[in-house]
Amino acid sequence: MSLDFNQQVIDEFRANRGRVGGFFEGARLILLTTTGARSGRPHTVPLAYLPDGDRILVIGSAAGADRHPAWYHNLLADPKATVEDGVFTYEAKATVLRGPERDAVFARAVEADAGWGEYQAKTSRVIPVVALEQVAGGPPNASSFGEALKALHDAFRRELALIRAEAAKSGPRIGAQLRVNCLTLCQGLEFHHRSEDTGMFPALADRYPELEPVMARLREEHATVARLLGELRAALDGDSVLAEVDRLVTELENHLAYEEEQLIPLLDG
């Protein structure tokens, strides 16, 4: 892709918390900044990624070109990188997957999107797969606590919408990558709610005792979401994934909307 096109995507991504239109609309997208192997200067590119638990995966397809992309060569020279996901900016360590692990992950990617296989068919090189694991991070990219909460919630909303679309497309039996997407979402939601239960909620309750009914409802809704996450996990090996995703979407959207209505004015006040 041209430098001008990349810069347009980068600017749109940063202006809209990871949401872009055009070529990347509806894709899971990050901005990856590496250090130029020759220039030593920072080099930022938009990349599609695959969720994978505590890490994310990027694929050096270069649209099937016969040369690896520049960002891949940069990571070979220096595996330290910066990742922007629309909510957080964090430092990551890159690991090139090799052998059976690379092949299994690439097969997952092709099953989820045949375009990856088409890119591989265009070139004799083995398209690389790179894992990015966070090693250091910071607070959300937001100017207030309320804005940060809304940004986190919107990220979960977008991921749920993607998973729902993937589940609807897959039919009764889901593919390996969609299964990983669901498990990664479950892990992320559980961590987010645990952080709220042990951090933000007690702090707000101490400052605003009159919030006790609100906190009681939010804790009850967290328990309901936890139950639905468990049921989604159980459905991953069956044929009711879409129904469980729909139940989770409905419950979680109501919960997020109520939490934002009740807490953002206090967080930002």
# chains A, B, ... in the order shown; residues from 1 in each chain; ligands from 1
>>> residues_around(residues="Gly53 in chain A", least_positions_apart="6", cutoff="10 Å", atoms="only C-alpha atoms", output="PyMOL selection string")
chain A and resi 133+180-188
>>> residues_around(residues="range 230-241 of chain A", least_positions_apart="4", cutoff="10 Å", atoms="only C-alpha atoms", output="list in words")
Arg164, Ala167, Ala168, Ser170, Gly171, Pro172, Arg173, Ile174, Gly175, Ala176, Leu178, Arg179, Val180, Cys182, Leu183, Cys186, Thr224, Val225, Ala226, Val245, Asp246, Arg247 and Leu248 of chain A
>>> select_by_dssp(residues="range 1-240 of chain A", states="strand (DSSP E)", output="JSON, numbers by chain")
{"A": [29, 30, 31, 32, 33, 34, 35, 42, 43, 44, 45, 46, 47, 48, 50, 51, 52, 55, 56, 57, 58, 59, 80, 81, 82, 83, 84, 89, 90, 91, 92, 93, 94, 95, 96, 129, 130, 131, 132, 133, 134, 135, 136]}
>>> atom_distance(atom1="CA of Gly137 in chain A", atom2="CA of Thr89 in chain A")
6.6 Å
>>> closest_atom_pairs(of="range 209-259 of chain A", to="range 141-162 of chain A", cutoff="8 Å", atoms="only C-alpha atoms", output="Markdown table")
| residue | atom | partner | partner_atom | distance |
| --- | --- | --- | --- | --- |
| A:Val245 | CA | A:Leu160 | CA | 7.9 |
| A:Val249 | CA | A:Leu160 | CA | 6.8 |
| A:Glu253 | CA | A:Arg157 | CA | 7.6 |
| A:Leu256 | CA | A:His153 | CA | 6.7 |
>>> decode(residues="range 92-104 of chain A", atoms="all heavy atoms", output="PDB file, in the first residue's frame")
ATOM      1  N   ALA A  92       5.254  -3.861  22.920  1.00  0.00           N
ATOM      2  CA  ALA A  92       5.084  -5.287  22.670  1.00  0.00           C
ATOM      3  C   ALA A  92       6.391  -5.917  22.224  1.00  0.00           C
ATOM      4  O   ALA A  92       7.281  -5.240  21.694  1.00  0.00           O
ATOM      5  CB  ALA A  92       4.007  -5.519  21.605  1.00  0.00           C
ATOM      6  N   LYS A  93       6.482  -7.214  22.451  1.00  0.00           N
ATOM      7  CA  LYS A  93       7.604  -8.006  21.959  1.00  0.00           C
ATOM      8  C   LYS A  93       7.098  -8.916  20.855  1.00  0.00           C
ATOM      9  O   LYS A  93       6.085  -9.601  21.002  1.00  0.00           O
ATOM     10  CB  LYS A  93       8.211  -8.846  23.086  1.00  0.00           C
ATOM     11  CG  LYS A  93       9.351  -9.750  22.622  1.00  0.00           C
ATOM     12  CD  LYS A  93       9.866 -10.629  23.747  1.00  0.00           C
ATOM     13  CE  LYS A  93      10.958 -11.571  23.266  1.00  0.00           C
ATOM     14  NZ  LYS A  93      11.435 -12.474  24.336  1.00  0.00           N
ATOM     15  N   ALA A  94       7.804  -8.922  19.730  1.00  0.00           N
ATOM     16  CA  ALA A  94       7.396  -9.719  18.582  1.00  0.00           C
ATOM     17  C   ALA A  94       8.132 -11.053  18.565  1.00  0.00           C
ATOM     18  O   ALA A  94       9.339 -11.111  18.808  1.00  0.00           O
ATOM     19  CB  ALA A  94       7.679  -8.958  17.289  1.00  0.00           C
ATOM     20  N   THR A  95       7.393 -12.115  18.272  1.00  0.00           N
ATOM     21  CA  THR A  95       7.977 -13.446  18.108  1.00  0.00           C
ATOM     22  C   THR A  95       7.493 -14.018  16.794  1.00  0.00           C
ATOM     23  O   THR A  95       6.283 -14.122  16.561  1.00  0.00           O
ATOM     24  CB  THR A  95       7.559 -14.382  19.258  1.00  0.00           C
ATOM     25  OG1 THR A  95       7.958 -13.818  20.510  1.00  0.00           O
ATOM     26  CG2 THR A  95       8.197 -15.750  19.091  1.00  0.00           C
ATOM     27  N   VAL A  96       8.422 -14.389  15.918  1.00  0.00           N
ATOM     28  CA  VAL A  96       8.050 -15.007  14.647  1.00  0.00           C
ATOM     29  C   VAL A  96       7.703 -16.469  14.913  1.00  0.00           C
ATOM     30  O   VAL A  96       8.504 -17.214  15.481  1.00  0.00           O
ATOM     31  CB  VAL A  96       9.201 -14.902  13.634  1.00  0.00           C
ATOM     32  CG1 VAL A  96       8.824 -15.608  12.326  1.00  0.00           C
ATOM     33  CG2 VAL A  96       9.541 -13.439  13.362  1.00  0.00           C
ATOM     34  N   LEU A  97       6.494 -16.865  14.516  1.00  0.00           N
ATOM     35  CA  LEU A  97       6.080 -18.255  14.699  1.00  0.00           C
ATOM     36  C   LEU A  97       6.682 -19.114  13.588  1.00  0.00           C
ATOM     37  O   LEU A  97       6.712 -18.701  12.427  1.00  0.00           O
ATOM     38  CB  LEU A  97       4.559 -18.366  14.680  1.00  0.00           C
ATOM     39  CG  LEU A  97       3.804 -17.493  15.688  1.00  0.00           C
ATOM     40  CD1 LEU A  97       2.322 -17.851  15.682  1.00  0.00           C
ATOM     41  CD2 LEU A  97       4.381 -17.619  17.097  1.00  0.00           C
ATOM     42  N   ARG A  98       7.111 -20.298  13.966  1.00  0.00           N
ATOM     43  CA  ARG A  98       7.774 -21.168  13.000  1.00  0.00           C
ATOM     44  C   ARG A  98       7.237 -22.587  13.095  1.00  0.00           C
ATOM     45  O   ARG A  98       6.644 -22.973  14.091  1.00  0.00           O
ATOM     46  CB  ARG A  98       9.288 -21.152  13.219  1.00  0.00           C
ATOM     47  CG  ARG A  98       9.898 -19.739  13.151  1.00  0.00           C
ATOM     48  CD  ARG A  98      11.404 -19.762  13.109  1.00  0.00           C
ATOM     49  NE  ARG A  98      11.968 -18.415  13.179  1.00  0.00           N
ATOM     50  CZ  ARG A  98      12.088 -17.594  12.148  1.00  0.00           C
ATOM     51  NH1 ARG A  98      11.676 -17.987  10.944  1.00  0.00           N
ATOM     52  NH2 ARG A  98      12.618 -16.378  12.288  1.00  0.00           N
ATOM     53  N   GLY A  99       7.474 -23.343  12.042  1.00  0.00           N
ATOM     54  CA  GLY A  99       7.147 -24.757  12.046  1.00  0.00           C
ATOM     55  C   GLY A  99       5.669 -25.031  12.244  1.00  0.00           C
ATOM     56  O   GLY A  99       4.801 -24.312  11.727  1.00  0.00           O
ATOM     57  N   PRO A 100       5.347 -26.092  13.000  1.00  0.00           N
ATOM     58  CA  PRO A 100       3.950 -26.482  13.171  1.00  0.00           C
ATOM     59  C   PRO A 100       3.078 -25.388  13.781  1.00  0.00           C
ATOM     60  O   PRO A 100       1.895 -25.275  13.421  1.00  0.00           O
ATOM     61  CB  PRO A 100       4.048 -27.698  14.112  1.00  0.00           C
ATOM     62  CG  PRO A 100       5.419 -28.244  13.889  1.00  0.00           C
ATOM     63  CD  PRO A 100       6.284 -27.055  13.626  1.00  0.00           C
ATOM     64  N   GLU A 101       3.634 -24.583  14.694  1.00  0.00           N
ATOM     65  CA  GLU A 101       2.825 -23.524  15.295  1.00  0.00           C
ATOM     66  C   GLU A 101       2.408 -22.509  14.238  1.00  0.00           C
ATOM     67  O   GLU A 101       1.239 -22.114  14.161  1.00  0.00           O
ATOM     68  CB  GLU A 101       3.580 -22.821  16.423  1.00  0.00           C
ATOM     69  CG  GLU A 101       2.724 -21.762  17.129  1.00  0.00           C
ATOM     70  CD  GLU A 101       3.464 -21.019  18.228  1.00  0.00           C
ATOM     71  OE1 GLU A 101       4.705 -21.031  18.234  1.00  0.00           O
ATOM     72  OE2 GLU A 101       2.779 -20.418  19.077  1.00  0.00           O
ATOM     73  N   ARG A 102       3.357 -22.100  13.407  1.00  0.00           N
ATOM     74  CA  ARG A 102       3.014 -21.146  12.338  1.00  0.00           C
ATOM     75  C   ARG A 102       1.978 -21.744  11.412  1.00  0.00           C
ATOM     76  O   ARG A 102       1.009 -21.083  11.014  1.00  0.00           O
ATOM     77  CB  ARG A 102       4.285 -20.765  11.579  1.00  0.00           C
ATOM     78  CG  ARG A 102       4.041 -19.804  10.398  1.00  0.00           C
ATOM     79  CD  ARG A 102       3.836 -20.575   9.100  1.00  0.00           C
ATOM     80  NE  ARG A 102       3.416 -19.677   8.010  1.00  0.00           N
ATOM     81  CZ  ARG A 102       2.750 -20.086   6.952  1.00  0.00           C
ATOM     82  NH1 ARG A 102       2.403 -21.358   6.812  1.00  0.00           N
ATOM     83  NH2 ARG A 102       2.401 -19.224   6.016  1.00  0.00           N
ATOM     84  N   ASP A 103       2.167 -22.998  11.026  1.00  0.00           N
ATOM     85  CA  ASP A 103       1.260 -23.627  10.064  1.00  0.00           C
ATOM     86  C   ASP A 103      -0.155 -23.752  10.630  1.00  0.00           C
ATOM     87  O   ASP A 103      -1.140 -23.535   9.911  1.00  0.00           O
ATOM     88  CB  ASP A 103       1.785 -25.013   9.678  1.00  0.00           C
ATOM     89  CG  ASP A 103       3.101 -24.931   8.909  1.00  0.00           C
ATOM     90  OD1 ASP A 103       3.435 -23.834   8.413  1.00  0.00           O
ATOM     91  OD2 ASP A 103       3.798 -25.968   8.830  1.00  0.00           O
ATOM     92  N   ALA A 104      -0.256 -24.081  11.911  1.00  0.00           N
ATOM     93  CA  ALA A 104      -1.575 -24.223  12.522  1.00  0.00           C
ATOM     94  C   ALA A 104      -2.293 -22.883  12.583  1.00  0.00           C
ATOM     95  O   ALA A 104      -3.491 -22.779  12.305  1.00  0.00           O
ATOM     96  CB  ALA A 104      -1.440 -24.826  13.918  1.00  0.00           C
TER      97      ALA A 104
END
